[in-house]
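S.K.: My structure is stored as protein.txt, with compact mmCIF, C-alpha atoms.
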```
# COMPACT_ATOMS: atom_id res chain seq x y z
CA MET A 133 15.84 -10.30 4.02
CA SER A 134 12.10 -10.19 4.78
CA THR A 135 10.62 -10.19 8.26
CA PRO A 136 8.06 -12.94 9.01
CA LEU A 137 4.44 -12.02 9.75
CA THR A 138 4.88 -13.37 13.29
CA GLN A 139 6.63 -10.06 14.05
CA HIS A 140 3.13 -8.59 14.13
CA GLN A 141 2.05 -10.92 16.94
CA THR A 142 5.25 -10.14 18.87
CA GLU A 143 4.45 -6.43 18.70
CA ILE A 144 0.88 -7.04 19.86
CA GLY A 145 2.22 -8.65 23.03
CA ARG A 146 4.41 -5.64 23.78
CA ASN A 147 1.60 -3.21 22.98
CA LEU A 148 -0.79 -5.00 25.32
CA ASP A 149 1.61 -4.56 28.23
CA ALA A 150 1.98 -0.85 27.47
CA TRP A 151 -1.79 -0.38 27.12
CA GLN A 152 -2.51 -2.00 30.46
CA ASN A 153 0.21 -0.12 32.34
CA LYS A 154 0.05 3.33 30.76
CA PRO A 155 -3.19 5.24 31.57
CA LEU A 156 -1.89 8.31 29.72
CA LEU A 157 -1.82 6.35 26.47
CA ARG A 158 -5.41 5.22 26.95
CA GLN A 159 -6.55 8.83 27.43
CA ILE A 160 -4.79 9.96 24.25
CA TYR A 161 -6.23 7.14 22.19
CA ALA A 162 -9.74 7.93 23.43
CA GLY A 163 -9.48 11.20 21.50
CA PHE A 164 -8.23 9.33 18.42
CA TYR A 165 -11.18 6.94 18.56
CA GLU A 166 -13.62 9.85 18.84
CA ARG A 167 -12.32 11.19 15.54
CA ILE A 168 -12.97 7.83 13.90
CA VAL A 169 -16.46 7.45 15.36
CA GLY A 170 -17.27 10.96 14.12
CA LEU A 171 -16.75 9.79 10.52
CA LEU A 172 -19.21 6.89 10.70
CA ASP A 173 -22.56 7.05 8.92
CA ALA A 174 -25.11 5.45 11.22
CA GLU A 175 -27.66 5.26 8.40
CA LEU A 176 -25.64 2.79 6.34
CA PRO A 177 -26.70 -0.89 6.45
CA GLY A 178 -24.12 -3.55 7.20
CA ARG A 179 -21.54 -4.43 9.82
CA ILE A 180 -18.58 -2.35 10.95
CA ILE A 181 -15.29 -4.25 10.63
CA GLU A 182 -11.93 -3.23 12.04
CA ILE A 183 -9.00 -4.75 10.15
CA GLY A 184 -5.85 -5.28 12.18
CA SER A 185 -7.37 -4.62 15.59
CA GLY A 186 -4.14 -5.29 17.50
CA VAL A 187 -4.98 -5.31 21.20
CA GLY A 188 -8.64 -4.54 20.43
CA ASN A 189 -8.97 -1.07 21.94
CA LEU A 190 -11.40 0.50 19.47
CA LYS A 191 -14.21 -1.76 20.68
CA SER A 192 -14.38 0.09 24.02
CA HIS A 193 -15.53 3.20 22.09
CA LEU A 194 -17.37 1.42 19.28
CA PRO A 195 -18.94 -1.79 20.68
CA PRO A 196 -20.64 -2.86 17.40
CA ALA A 197 -17.28 -3.08 15.62
CA VAL A 198 -16.06 -6.57 14.74
CA SER A 199 -12.41 -6.92 15.79
CA THR A 200 -10.17 -8.86 13.41
CA ASP A 201 -6.47 -9.58 12.99
CA LEU A 202 -4.03 -12.01 11.42
CA PHE A 203 -3.48 -14.12 14.54
CA PRO A 204 -5.96 -15.40 17.14
CA ASN A 205 -6.18 -13.56 20.46
CA PRO A 206 -8.85 -13.78 23.19
CA TRP A 207 -10.22 -10.28 22.59
CA LEU A 208 -10.73 -10.71 18.83
CA ASP A 209 -13.96 -11.69 17.08
CA LEU A 210 -12.41 -13.04 13.90
CA VAL A 211 -9.08 -14.01 12.36
CA CYS A 212 -8.71 -12.87 8.76
CA ASP A 213 -6.44 -11.24 6.22
CA GLY A 214 -7.28 -7.79 4.83
CA TYR A 215 -6.39 -8.94 1.32
CA GLU A 216 -8.91 -11.82 1.51
CA LEU A 217 -11.87 -10.75 3.63
CA PRO A 218 -14.44 -13.46 4.51
CA PHE A 219 -17.48 -11.26 3.80
CA ARG A 220 -20.07 -11.21 1.03
CA ASP A 221 -19.97 -8.60 -1.70
CA GLY A 222 -21.54 -5.32 -0.61
CA SER A 223 -22.28 -6.53 2.93
CA LEU A 224 -20.33 -4.06 5.10
CA SER A 225 -21.03 -0.45 6.01
CA HIS A 226 -17.56 0.47 7.26
CA LEU A 227 -14.00 -0.77 7.30
CA ILE A 228 -11.65 0.80 9.85
CA LEU A 229 -7.86 0.57 9.75
CA PHE A 230 -6.15 2.12 12.77
CA ASP A 231 -2.37 2.27 12.27
CA VAL A 232 -2.71 -0.54 9.75
CA PHE A 233 -2.47 1.14 6.35
CA HIS A 234 1.28 1.69 6.72
CA HIS A 235 1.63 -2.09 7.17
CA VAL A 236 -0.12 -2.75 3.84
CA ARG A 237 2.53 -3.63 1.26
CA ALA A 238 0.10 -3.47 -1.70
CA PRO A 239 -2.51 -0.76 -0.92
CA SER A 240 -4.30 -1.10 -4.27
CA ALA A 241 -4.87 -4.80 -3.59
CA LEU A 242 -6.37 -4.07 -0.18
CA LEU A 243 -8.58 -1.28 -1.52
CA ARG A 244 -9.80 -3.56 -4.28
CA GLU A 245 -10.96 -6.06 -1.65
CA ALA A 246 -12.43 -3.26 0.47
CA ARG A 247 -14.52 -2.03 -2.46
CA ARG A 248 -15.83 -5.56 -2.99
CA VAL A 249 -17.16 -5.97 0.56
CA LEU A 250 -18.46 -2.44 1.19
CA THR A 251 -21.93 -1.23 0.29
CA ARG A 252 -22.06 1.33 -2.54
CA GLN A 253 -22.05 4.17 0.00
CA GLY A 254 -19.77 2.34 2.44
CA ARG A 255 -16.83 4.01 4.14
CA LEU A 256 -13.19 3.09 4.59
CA ILE A 257 -11.53 5.00 7.42
CA LEU A 258 -7.77 5.15 7.89
CA PHE A 259 -6.00 6.57 10.94
CA GLU A 260 -2.26 6.97 10.37
CA PRO A 261 1.01 8.73 11.20
CA TYR A 262 1.52 11.99 9.32
CA ILE A 263 5.02 13.01 8.29
CA SER A 264 5.75 16.72 8.75
CA TRP A 265 8.93 18.72 9.30
CA PHE A 266 8.60 18.15 13.03
CA SER A 267 7.32 14.57 13.12
CA LEU A 268 9.79 13.17 10.57
CA PRO A 269 12.78 13.02 12.95
CA VAL A 270 10.56 11.72 15.76
CA TYR A 271 9.11 8.86 13.71
CA GLY A 272 12.40 8.27 11.94
CA LEU A 273 14.70 8.17 14.96
CA LEU A 274 12.52 7.10 17.87
CA HIS A 275 10.21 4.54 16.28
CA HIS A 276 11.31 1.10 15.15
CA GLU A 277 9.24 1.13 11.96
CA PRO A 278 10.79 2.80 8.89
CA VAL A 279 9.30 5.99 7.47
CA ALA A 280 10.32 4.78 3.97
CA TRP A 281 9.90 8.31 2.63
CA ARG A 282 11.35 7.54 -0.80
CA ALA A 283 10.89 3.78 -1.00
CA PRO A 284 8.85 2.41 -3.92
CA ILE A 285 5.25 1.44 -3.17
CA ASP A 286 3.74 -1.71 -4.67
CA PHE A 287 0.57 -0.81 -6.60
CA ALA A 288 -0.24 -4.33 -7.78
CA ASP A 289 -3.91 -5.35 -7.63
CA GLU A 290 -2.99 -8.62 -5.93
CA LEU A 291 -0.42 -9.68 -3.34
CA PRO A 292 0.18 -13.44 -3.55
CA ARG A 293 1.15 -15.58 -0.60
CA PRO A 294 3.41 -16.02 1.25
CA ARG A 295 3.25 -12.51 2.73
CA ASP A 296 5.72 -10.95 5.09
CA TYR A 297 5.81 -8.15 7.64
CA TYR A 298 5.86 -4.67 6.09
CA ALA A 299 5.97 -1.13 7.48
CA ALA A 300 6.29 2.30 5.86
CA GLN A 301 5.03 5.07 8.15
CA GLY A 302 5.12 7.68 5.41
CA ASN A 303 2.77 5.99 2.96
CA ALA A 304 -0.47 7.72 3.98
CA THR A 305 1.19 11.15 3.83
CA ARG A 306 2.70 10.40 0.43
CA LEU A 307 -0.47 9.02 -1.13
CA PHE A 308 -3.28 11.11 0.35
CA PHE A 309 -1.65 14.46 1.10
CA ARG A 310 1.42 14.81 -1.14
CA ARG A 311 -0.56 13.01 -3.88
CA GLU A 312 2.55 11.35 -5.28
CA MET A 313 0.43 9.05 -7.44
CA GLY A 314 -1.96 11.70 -8.73
CA ASP A 315 -5.46 10.19 -9.19
CA TRP A 316 -4.78 7.19 -6.97
CA PRO A 317 -6.81 5.44 -5.66
CA VAL A 318 -8.86 4.67 -8.75
CA GLY A 319 -12.50 3.96 -7.98
CA TRP A 320 -12.55 5.88 -4.70
CA SER A 321 -13.41 9.37 -3.55
CA VAL A 322 -11.85 10.96 -0.48
CA PHE A 323 -14.62 12.55 1.60
CA HIS A 324 -12.39 13.49 4.54
CA ALA A 325 -8.65 14.15 4.88
CA GLU A 326 -7.47 15.79 8.08
CA VAL A 327 -4.03 16.36 9.58
CA PHE A 328 -3.48 17.45 13.15
CA ALA A 329 -0.61 18.10 15.52
CA SER A 330 -0.18 15.56 18.29
CA PHE A 331 2.59 16.59 20.64
CA SER A 332 0.53 14.96 23.36
CA TYR A 333 0.99 11.64 21.58
CA LEU A 334 4.60 12.02 20.46
CA LEU A 335 5.79 13.11 23.92
CA SER A 336 3.83 10.30 25.57
CA GLY A 337 6.36 7.84 24.19
CA GLY A 338 3.61 5.84 22.52
CA PHE A 339 3.70 2.10 23.15
CA SER A 340 7.47 1.72 23.21
CA LYS A 341 9.01 4.66 25.11
CA PRO A 342 8.48 6.27 28.53
CA ALA A 343 6.30 9.39 28.73
CA LEU A 344 8.08 12.74 28.82
CA TYR A 345 5.32 14.50 30.73
CA PRO A 346 2.89 13.69 33.58
CA ALA A 347 -0.73 12.82 32.87
CA VAL A 348 -1.93 16.04 34.54
CA SER A 349 -0.34 18.00 31.67
CA LEU A 350 -2.32 16.22 28.96
CA LYS A 351 -5.05 18.84 28.61
CA CYS A 352 -2.50 21.64 28.25
CA LEU A 353 -0.70 19.74 25.52
CA GLN A 354 -3.98 19.03 23.75
CA VAL A 355 -4.72 22.78 23.69
CA LEU A 356 -1.27 23.28 22.15
CA ASP A 357 -2.04 20.56 19.60
CA ARG A 358 -5.23 22.30 18.50
CA ARG A 359 -3.37 25.56 17.93
CA LEU A 360 -0.44 24.02 16.09
CA SER A 361 -2.76 22.03 13.84
CA ARG A 362 -3.20 25.25 11.82
CA TRP A 363 0.21 24.47 10.29
CA PRO A 364 0.00 20.76 9.41
CA LYS A 365 3.06 20.65 7.14
CA LEU A 366 5.17 21.94 10.02
CA PHE A 367 3.62 20.26 13.06
CA GLY A 368 1.27 17.52 11.85
CA ALA A 369 1.82 14.11 13.43
CA ARG A 370 -1.42 12.21 12.83
CA CYS A 371 -3.97 12.05 10.05
CA VAL A 372 -7.37 10.54 9.42
CA VAL A 373 -8.64 9.78 5.92
CA GLY A 374 -12.14 8.74 4.88
CA LEU A 375 -12.81 7.10 1.51
CA SER A 376 -15.93 5.86 -0.20
CA PRO A 377 -16.32 3.77 -3.38
CA ASP A 378 -16.83 5.95 -6.45
CA TYR A 379 -18.23 3.71 -9.18
CA ASN A 380 -18.72 6.58 -11.63
CA ARG A 381 -15.07 7.47 -11.36
CA LEU A 382 -14.12 3.83 -11.75
CA VAL A 383 -16.14 3.51 -14.97
CA ASN A 384 -14.77 6.80 -16.34
CA GLN A 385 -11.22 5.81 -15.50
CA GLY A 386 -11.70 2.49 -17.26
CA THR A 387 -13.11 4.25 -20.34
CA ASN A 388 -10.20 6.67 -20.47
CA THR A 389 -7.72 3.84 -20.12
CA ALA A 390 -9.38 1.94 -22.97
CA ARG A 391 -9.00 4.96 -25.22
```
Would you mind writing the file out in structure tokens?

M.R.:
Amino acid sequence: MSTPLTQHQTEIGRNLDAWQNKPLLRQIYAGFYERIVGLLDAELPGRIIEIGSGVGNLKSHLPPAVSTDLFPNPWLDLVCDGYELPFRDGSLSHLILFDVFHHVRAPSALLREARRVLTRQGRLILFEPYISWFSLPVYGLLHHEPVAWRAPIDFADELPRPRDYYAAQGNATRLFFRREMGDWPVGWSVFHAEVFASFSYLLSGGFSKPALYPAVSLKCLQVLDRRLSRWPKLFGARCVVGLSPDYNRLVNQGTNTAR
């Protein structure tokens, strides 16, 4: 039985309450947003679009970003669907998906649309959970979204309506770090793929659980995170991936397929 898309709007309401009442969470996310901003290319022409902005927090660190989501909310700039973006071909410099990629049922379909709207040197930036030996039980047992570690992934180039709610926290790890699909995604090059430990985030309880440490301990935990990030397969909990359209690779892949 599928879950309706309105589940997304329900979660946004809960997340907004947590964001407003949990200063520790805001401090942790500030560091996440800095990682994203560090991957932007200021020389590229075109607008910066965030897909699936949720409660709209990225804008406080990146004011030029256009905030979008599936349902209207006062803090959003635009309502749209990532599979059907209302932008001209080659008109955007960046697309940012923060904790959105694991809600994309058909990632190839979304990346196809992303390639259409981005400039030739444009950038797609994904910030996602990372599944390691340590984070797997945390995400699997303490978070309501499934990890879906062995579930099939839909690689169709289109996802027809009606669409439902989808979540698979392990998808970014499987596709970009374990490379389960080999050369996927076709027509893209990965210019950045980073995994880091994030005990400071996991022990904060995120948006749905109480924090297990006081805010004054955040800096100490962040020092621990930096040290443990040397062993991502053991302690990784978050990842950031940067992609850019690779038209040469797309043409070569098409030629090889034709043969």

S.K.: Can you pull out the residues contacting Phe309 (chain A)? Cut-off 10 Å, using all atoms listed in the file, and skip same-chain residues under 4 positions away; I want them as a list in words.

M.R.: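 Listing them by chain and then by number gives Tyr262, Ile263, Asn303, Ala304, Thr305, Ala325, Glu326, Val327, Lys365, Cys371 and Val373 of chain A.
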
S.K.: Please produce a file of the residues just selected, as an mmCIF file, in the coordinates of the input, where the atoms kept are C-alpha atoms.

M.R.:
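Once everything was written out, this is again_7.cif:
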```
data_model
loop_
_atom_site.group_PDB
_atom_site.id
_atom_site.type_symbol
_atom_site.label_atom_id
_atom_site.label_comp_id
_atom_site.auth_asym_id
_atom_site.auth_seq_id
_atom_site.Cartn_x
_atom_site.Cartn_y
_atom_site.Cartn_z
ATOM 1 C CA TYR A 262 1.520 11.990 9.320
ATOM 2 C CA ILE A 263 5.020 13.010 8.290
ATOM 3 C CA ASN A 303 2.770 5.990 2.960
ATOM 4 C CA ALA A 304 -0.470 7.720 3.980
ATOM 5 C CA THR A 305 1.190 11.150 3.830
ATOM 6 C CA ALA A 325 -8.650 14.150 4.880
ATOM 7 C CA GLU A 326 -7.470 15.790 8.080
ATOM 8 C CA VAL A 327 -4.030 16.360 9.580
ATOM 9 C CA LYS A 365 3.060 20.650 7.140
ATOM 10 C CA CYS A 371 -3.970 12.050 10.050
ATOM 11 C CA VAL A 373 -8.640 9.780 5.920
#
```

S.K.: Show which residues sit within 10 Å of region 173-184 of chain A, as an MDAnalysis selection string. Count all atoms listed in the file, and ignore same-chain residues fewer than 3 positions away.

M.R.: chainID A and resid 140 169:170 187:188 190:191 194:203 208:214 217 219 222:233 235 249:257

S.K.: Filtering to C-alpha atoms, could you give me those residues as a PDB file, in the coordinates of the input?

M.R.:
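Once everything was written out, this is out_32.pdb:
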```pdb
ATOM      1  CA  HIS A 140       3.130  -8.590  14.130  1.00  0.00           C
ATOM      2  CA  VAL A 169     -16.460   7.450  15.360  1.00  0.00           C
ATOM      3  CA  GLY A 170     -17.270  10.960  14.120  1.00  0.00           C
ATOM      4  CA  VAL A 187      -4.980  -5.310  21.200  1.00  0.00           C
ATOM      5  CA  GLY A 188      -8.640  -4.540  20.430  1.00  0.00           C
ATOM      6  CA  LEU A 190     -11.400   0.500  19.470  1.00  0.00           C
ATOM      7  CA  LYS A 191     -14.210  -1.760  20.680  1.00  0.00           C
ATOM      8  CA  LEU A 194     -17.370   1.420  19.280  1.00  0.00           C
ATOM      9  CA  PRO A 195     -18.940  -1.790  20.680  1.00  0.00           C
ATOM     10  CA  PRO A 196     -20.640  -2.860  17.400  1.00  0.00           C
ATOM     11  CA  ALA A 197     -17.280  -3.080  15.620  1.00  0.00           C
ATOM     12  CA  VAL A 198     -16.060  -6.570  14.740  1.00  0.00           C
ATOM     13  CA  SER A 199     -12.410  -6.920  15.790  1.00  0.00           C
ATOM     14  CA  THR A 200     -10.170  -8.860  13.410  1.00  0.00           C
ATOM     15  CA  ASP A 201      -6.470  -9.580  12.990  1.00  0.00           C
ATOM     16  CA  LEU A 202      -4.030 -12.010  11.420  1.00  0.00           C
ATOM     17  CA  PHE A 203      -3.480 -14.120  14.540  1.00  0.00           C
ATOM     18  CA  LEU A 208     -10.730 -10.710  18.830  1.00  0.00           C
ATOM     19  CA  ASP A 209     -13.960 -11.690  17.080  1.00  0.00           C
ATOM     20  CA  LEU A 210     -12.410 -13.040  13.900  1.00  0.00           C
ATOM     21  CA  VAL A 211      -9.080 -14.010  12.360  1.00  0.00           C
ATOM     22  CA  CYS A 212      -8.710 -12.870   8.760  1.00  0.00           C
ATOM     23  CA  ASP A 213      -6.440 -11.240   6.220  1.00  0.00           C
ATOM     24  CA  GLY A 214      -7.280  -7.790   4.830  1.00  0.00           C
ATOM     25  CA  LEU A 217     -11.870 -10.750   3.630  1.00  0.00           C
ATOM     26  CA  PHE A 219     -17.480 -11.260   3.800  1.00  0.00           C
ATOM     27  CA  GLY A 222     -21.540  -5.320  -0.610  1.00  0.00           C
ATOM     28  CA  SER A 223     -22.280  -6.530   2.930  1.00  0.00           C
ATOM     29  CA  LEU A 224     -20.330  -4.060   5.100  1.00  0.00           C
ATOM     30  CA  SER A 225     -21.030  -0.450   6.010  1.00  0.00           C
ATOM     31  CA  HIS A 226     -17.560   0.470   7.260  1.00  0.00           C
ATOM     32  CA  LEU A 227     -14.000  -0.770   7.300  1.00  0.00           C
ATOM     33  CA  ILE A 228     -11.650   0.800   9.850  1.00  0.00           C
ATOM     34  CA  LEU A 229      -7.860   0.570   9.750  1.00  0.00           C
ATOM     35  CA  PHE A 230      -6.150   2.120  12.770  1.00  0.00           C
ATOM     36  CA  ASP A 231      -2.370   2.270  12.270  1.00  0.00           C
ATOM     37  CA  VAL A 232      -2.710  -0.540   9.750  1.00  0.00           C
ATOM     38  CA  PHE A 233      -2.470   1.140   6.350  1.00  0.00           C
ATOM     39  CA  HIS A 235       1.630  -2.090   7.170  1.00  0.00           C
ATOM     40  CA  VAL A 249     -17.160  -5.970   0.560  1.00  0.00           C
ATOM     41  CA  LEU A 250     -18.460  -2.440   1.190  1.00  0.00           C
ATOM     42  CA  THR A 251     -21.930  -1.230   0.290  1.00  0.00           C
ATOM     43  CA  ARG A 252     -22.060   1.330  -2.540  1.00  0.00           C
ATOM     44  CA  GLN A 253     -22.050   4.170   0.000  1.00  0.00           C
ATOM     45  CA  GLY A 254     -19.770   2.340   2.440  1.00  0.00           C
ATOM     46  CA  ARG A 255     -16.830   4.010   4.140  1.00  0.00           C
ATOM     47  CA  LEU A 256     -13.190   3.090   4.590  1.00  0.00           C
ATOM     48  CA  ILE A 257     -11.530   5.000   7.420  1.00  0.00           C
TER      49      ILE A 257
END
```

S.K.: Name the closest residue to Pro218 (chain A) among the candidates A:Ser336, A:Ile160, A:Glu245, A:Ala238; distances are taken between atoms, counting all atoms listed in the file.

M.R.: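 Ranking A:Ser336, A:Ile160, A:Glu245, A:Ala238 by distance to Pro218 (chain A), first place goes to A:Glu245.
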
S.K.: Enter the distance from CA of Leu242 (chain A) to CA of Trp320 (chain A), in Å, rounded to one decimal.

M.R.: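 Atom-to-atom, CA of Leu242 (chain A) to CA of Trp320 (chain A), that is 12.6 Å.
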
S.K.: Using only C-alpha atoms, pick whichever of A:Val372, A:Ile285, A:Leu366, A:Leu268 has the shortest atom-to-atom distance to Tyr165 (chain A).

M.R.: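 Result for the nearest residue to Tyr165 (chain A): A:Val372.
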
S.K.: Could you list, as a PyMOL selection string, every residue within 12 Å of Pro342 (chain A), counting only C-alpha atoms and ignoring same-chain residues fewer than 2 positions away?

M.R.: chain A and resi 150+153-154+156-157+274+333-340+344-346

S.K.: Would you pick out the contacts of Phe323 (chain A) at 9 Å or less, using all atoms listed in the file, so that residues sharing its chain but fewer than 4 positions from it are not included, and give the list as a PyMOL selection string?

M.R.: chain A and resi 373-376

S.K.: Could you check how far CA of Leu137 (chain A) sits from CA of Asn189 (chain A), in Å to one decimal?

M.R.: 21.2 Å

S.K.: Around (1.6, 9.0, 12.5), as given in the file, which residues come within 6 Å? Count all atoms listed in the file and list them as a PyMOL selection string.

M.R.: chain A and resi 260-262+369-370

S.K.: Given the choices A:Gly186, A:Ala280, A:Ser267, A:Phe331, which gets closest to Asn147 (chain A) if the distance is worked out from only C-alpha atoms?

M.R.: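 Answer, going by the shortest atom-to-atom distance: A:Gly186.
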
S.K.: So what do you get for CA of Phe367 (chain A) versus CA of Val279 (chain A), distance-wise?

M.R.: 16.3 Å

S.K.: Please list as a list in words every residue within 10 Å of Ser321 (chain A), counting all atoms listed in the file and excluding residues in the same chain fewer than 3 positions away.

M.R.: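 Neighbouring residues, sequence-local ones excluded: Arg255, Asp315, Trp316, Pro317, Val318, His324, Gly374, Leu375, Ser376, Pro377, Asp378, Tyr379, Arg381 and Leu382 of chain A.
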
S.K.: What are the centre and edge lengths in Å, to one decimal, of the axis-aligned box around all listed atoms of region 141-153 of chain A with 8 Å added on each side, as AutoDock Vina command-line options?

M.R.:
```
--center_x 1.4 --center_y -5.5 --center_z 24.6 --size_x 23.8 --size_y 26.8 --size_z 31.4
```

S.K.: Which residue is closest to Pro136 (chain A)? Choose from A:Gly272, A:Pro206, A:Gly163, A:Pro294 and count only C-alpha atoms.

M.R.: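 Result for the nearest residue to Pro136 (chain A): A:Pro294.
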
S.K.: Please complete region 187-201 of chain A with N, CA and C atoms and give it back as an mmCIF file, keeping the file's coordinate frame.

M.R.:
```cif
data_model
loop_
_atom_site.group_PDB
_atom_site.id
_atom_site.type_symbol
_atom_site.label_atom_id
_atom_site.label_comp_id
_atom_site.auth_asym_id
_atom_site.auth_seq_id
_atom_site.Cartn_x
_atom_site.Cartn_y
_atom_site.Cartn_z
ATOM 1 N N VAL A 187 -4.547 -4.920 19.852
ATOM 2 C CA VAL A 187 -4.980 -5.310 21.200
ATOM 3 C C VAL A 187 -6.455 -5.012 21.428
ATOM 4 N N GLY A 188 -7.177 -4.619 20.378
ATOM 5 C CA GLY A 188 -8.640 -4.540 20.430
ATOM 6 C C GLY A 188 -9.208 -3.359 21.171
ATOM 7 N N ASN A 189 -8.538 -2.206 21.122
ATOM 8 C CA ASN A 189 -8.970 -1.070 21.940
ATOM 9 C C ASN A 189 -10.151 -0.296 21.378
ATOM 10 N N LEU A 190 -10.316 -0.286 20.067
ATOM 11 C CA LEU A 190 -11.400 0.500 19.470
ATOM 12 C C LEU A 190 -12.759 0.057 19.982
ATOM 13 N N LYS A 191 -12.901 -1.202 20.286
ATOM 14 C CA LYS A 191 -14.210 -1.760 20.680
ATOM 15 C C LYS A 191 -14.770 -1.090 21.936
ATOM 16 N N SER A 192 -13.897 -0.577 22.803
ATOM 17 C CA SER A 192 -14.380 0.090 24.020
ATOM 18 C C SER A 192 -15.119 1.387 23.686
ATOM 19 N N HIS A 193 -14.859 1.976 22.518
ATOM 20 C CA HIS A 193 -15.530 3.200 22.090
ATOM 21 C C HIS A 193 -16.537 2.940 20.987
ATOM 22 N N LEU A 194 -16.461 1.773 20.370
ATOM 23 C CA LEU A 194 -17.370 1.420 19.280
ATOM 24 C C LEU A 194 -17.745 -0.063 19.425
ATOM 25 N N PRO A 195 -18.610 -0.382 20.387
ATOM 26 C CA PRO A 195 -18.940 -1.790 20.680
ATOM 27 C C PRO A 195 -19.432 -2.603 19.483
ATOM 28 N N PRO A 196 -20.176 -2.017 18.515
ATOM 29 C CA PRO A 196 -20.640 -2.860 17.400
ATOM 30 C C PRO A 196 -19.530 -3.331 16.461
ATOM 31 N N ALA A 197 -18.350 -2.733 16.549
ATOM 32 C CA ALA A 197 -17.280 -3.080 15.620
ATOM 33 C C ALA A 197 -16.835 -4.525 15.819
ATOM 34 N N VAL A 198 -16.586 -5.212 14.716
ATOM 35 C CA VAL A 198 -16.060 -6.570 14.740
ATOM 36 C C VAL A 198 -14.535 -6.479 14.681
ATOM 37 N N SER A 199 -13.864 -7.004 15.698
ATOM 38 C CA SER A 199 -12.410 -6.920 15.790
ATOM 39 C C SER A 199 -11.766 -8.098 15.073
ATOM 40 N N THR A 200 -10.835 -7.804 14.170
ATOM 41 C CA THR A 200 -10.170 -8.860 13.410
ATOM 42 C C THR A 200 -8.656 -8.625 13.413
ATOM 43 N N ASP A 201 -7.916 -9.695 13.171
ATOM 44 C CA ASP A 201 -6.470 -9.580 12.990
ATOM 45 C C ASP A 201 -5.943 -10.861 12.373
#
```
